[in-house]
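Inspection log for the structure reproduced underneath, given as structure tokens.
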Amino acid sequence: MEETIMGKLPNIMPKIIEEVGFDFSWNNRKVWSLDVPVTEINISTLEWHFKIPFWDIKPDRYNLKPIDVINFPEKHKIEYDRTMKCDVKHPIDIMQNKGRWLVLDGLHRLVKLKIQGKTRVKVRKISRSMISQISM
């Protein structure tokens, strides 16, 4: 897993990210250190992520949808290669947000599992009560 600090957002955030995203910043290392059980859910529960431009085509931010990487890997080779190199043995960290599960960490793993034809995914459901433990 890549060790990054997530949630530091640019001043100009695309409207769609504001609508679906979290309203706090978090540290992935803190998320990973949580003692949360692993369970399984259907990938279909999280597939809505694939239609949101969470990824980047440099130098711009938030301009690449995972579905475009899934459907056009040759066009998005850098992100496709990054996706296919990720280690899917780690569960996806998710949290309830605005009425649905939102990925805190593991979108590349989720996409790789989808590409591999998996229908179930291992997740850790992080409670909103833990926000203070993972906030920056």
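Convention: chains lettered A, B, ... in structure tokens order; per-chain residue numbering from 1; ligands numbered from 1 as shown.
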
- prompt: Hey, what does DSSP flag as helix (DSSP H, G or I) within range 3-109 of chain A? Can you give it to me as a PyMOL selection string?
  reply: chain A and resi 15-20+28-32+43-45+47-51+66-71+77-85+107-109

Output C-alpha atoms for every residue in the selection just made, as a tab-separated table (two decimals), in the first residue's frame.
```tsv
chain	number	residue	atom	x	y	z
A	15	LYS	CA	-18.46	19.81	-7.60
A	16	ILE	CA	-18.92	16.05	-7.94
A	17	ILE	CA	-16.10	15.36	-5.47
A	18	GLU	CA	-17.61	17.84	-3.00
A	19	GLU	CA	-20.97	16.12	-3.38
A	20	VAL	CA	-19.75	12.57	-2.75
A	28	ASN	CA	-3.79	6.61	5.70
A	29	ARG	CA	-1.23	5.35	8.19
A	30	LYS	CA	-3.71	6.05	10.99
A	31	VAL	CA	-6.46	4.27	9.04
A	32	TRP	CA	-4.24	1.22	8.52
A	43	ILE	CA	-18.21	-5.15	-5.36
A	44	SER	CA	-21.40	-3.75	-6.84
A	45	THR	CA	-21.91	-1.82	-3.58
A	47	GLU	CA	-18.90	0.36	-8.19
A	48	TRP	CA	-20.38	3.86	-8.14
A	49	HIS	CA	-16.80	5.04	-7.43
A	50	PHE	CA	-15.82	4.05	-10.97
A	51	LYS	CA	-17.90	6.89	-12.45
A	66	PRO	CA	-11.63	4.62	-12.85
A	67	ILE	CA	-14.16	3.35	-15.42
A	68	ASP	CA	-12.04	4.98	-18.15
A	69	VAL	CA	-8.99	3.06	-16.94
A	70	ILE	CA	-11.03	-0.15	-16.86
A	71	ASN	CA	-12.45	0.38	-20.35
A	77	LYS	CA	-1.41	2.99	-19.28
A	78	ILE	CA	0.24	4.71	-16.31
A	79	GLU	CA	-2.83	4.44	-14.09
A	80	TYR	CA	-3.67	0.97	-15.39
A	81	ASP	CA	-0.16	-0.27	-14.62
A	82	ARG	CA	-0.31	1.30	-11.16
A	83	THR	CA	-3.65	-0.42	-10.59
A	84	MET	CA	-2.44	-3.82	-11.72
A	85	LYS	CA	0.67	-3.61	-9.51
A	107	LEU	CA	-9.69	2.38	-4.83
A	108	HIS	CA	-6.88	0.94	-6.99
A	109	ARG	CA	-7.33	-2.45	-5.30
```

message: Please list as an MDAnalysis selection string every residue within 12 Å of Ser132 in chain A, counting only C-alpha atoms and excluding residues in the same chain fewer than 2 positions away.
response: chainID A and resid 24:27 30:31 34 126:130 134:136

Just N, CA and C atoms for this one: save the residues we selected as a CSV table (one decimal), in the first residue's frame.
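Just written: part-v8.csv:
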```csv
chain,number,residue,atom,x,y,z
A,24,PHE,N,-13.7,15.7,5.8
A,24,PHE,CA,-12.6,15.8,6.8
A,24,PHE,C,-11.4,15.2,6.0
A,25,SER,N,-10.2,15.5,6.6
A,25,SER,CA,-8.9,15.0,6.0
A,25,SER,C,-8.4,13.9,6.9
A,26,TRP,N,-7.8,12.9,6.4
A,26,TRP,CA,-7.3,11.7,7.1
A,26,TRP,C,-5.9,11.3,6.7
A,27,ASN,N,-5.3,10.5,7.6
A,27,ASN,CA,-4.0,10.0,7.4
A,27,ASN,C,-4.1,8.5,7.2
A,30,LYS,N,-2.8,6.2,9.8
A,30,LYS,CA,-3.7,6.1,11.0
A,30,LYS,C,-4.9,5.1,10.7
A,31,VAL,N,-5.4,5.2,9.5
A,31,VAL,CA,-6.5,4.3,9.0
A,31,VAL,C,-6.0,2.8,9.1
A,34,LEU,N,-5.9,1.0,12.5
A,34,LEU,CA,-7.1,0.7,13.3
A,34,LEU,C,-7.3,-0.8,13.4
A,126,ILE,N,-15.0,1.2,8.5
A,126,ILE,CA,-14.6,2.1,9.6
A,126,ILE,C,-15.7,3.0,10.0
A,127,SER,N,-16.0,3.0,11.3
A,127,SER,CA,-17.1,3.8,11.9
A,127,SER,C,-16.8,5.3,11.9
A,128,ARG,N,-17.8,6.1,11.6
A,128,ARG,CA,-17.6,7.5,11.7
A,128,ARG,C,-17.2,8.0,13.1
A,129,SER,N,-17.4,7.2,14.1
A,129,SER,CA,-17.0,7.5,15.4
A,129,SER,C,-15.5,7.5,15.5
A,130,MET,N,-14.8,6.9,14.5
A,130,MET,CA,-13.3,6.8,14.6
A,130,MET,C,-12.6,8.0,13.8
A,134,ILE,N,-8.4,9.1,13.0
A,134,ILE,CA,-7.7,9.1,11.7
A,134,ILE,C,-7.4,10.5,11.1
A,135,SER,N,-8.0,11.5,11.8
A,135,SER,CA,-7.9,12.8,11.2
A,135,SER,C,-6.5,13.3,11.3
A,136,MET,N,-6.2,14.3,10.4
A,136,MET,CA,-4.9,14.9,10.4
A,136,MET,C,-4.8,16.0,11.4
```

Which of chain A fall in strand (DSSP E), as a list of chain:residue names: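 Checking each residue of chain A, the strand (DSSP E) ones are A:Ile5, A:Met6, A:Trp26, A:Asn27, A:Val38, A:Thr39, A:Glu40, A:Ile41, A:Asn42, A:Ile92, A:Asp93, A:Ile94, A:Met95, A:Gln96, A:Asn97, A:Arg100, A:Trp101, A:Leu102, A:Val103, A:Leu104, A:Asp105, A:Arg120, A:Val121, A:Lys122, A:Val123, A:Arg124, A:Lys125.
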
Range 88-95 of chain A surroundings by only C-alpha atoms, 6 Å radius, close-in-sequence under 3 positions cut, as a PyMOL selection string: chain A and resi 101-106+109+122-126

- line: A straight line from CA of Cys86 in chain A to CA of Leu113 in chain A spans 10.1 Å

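Proximity of A:Pro14, A:Pro37, A:Gly21, A:Gly99 to Asn63 in chain A, computed with only C-alpha atoms, is greatest for A:Pro14.
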
message: Ranking A:Leu46, A:Asp35, A:Ile41, A:Gln133 by minimum distance to Val111 in chain A and counting only C-alpha atoms, which one comes first?
response: A:Leu46
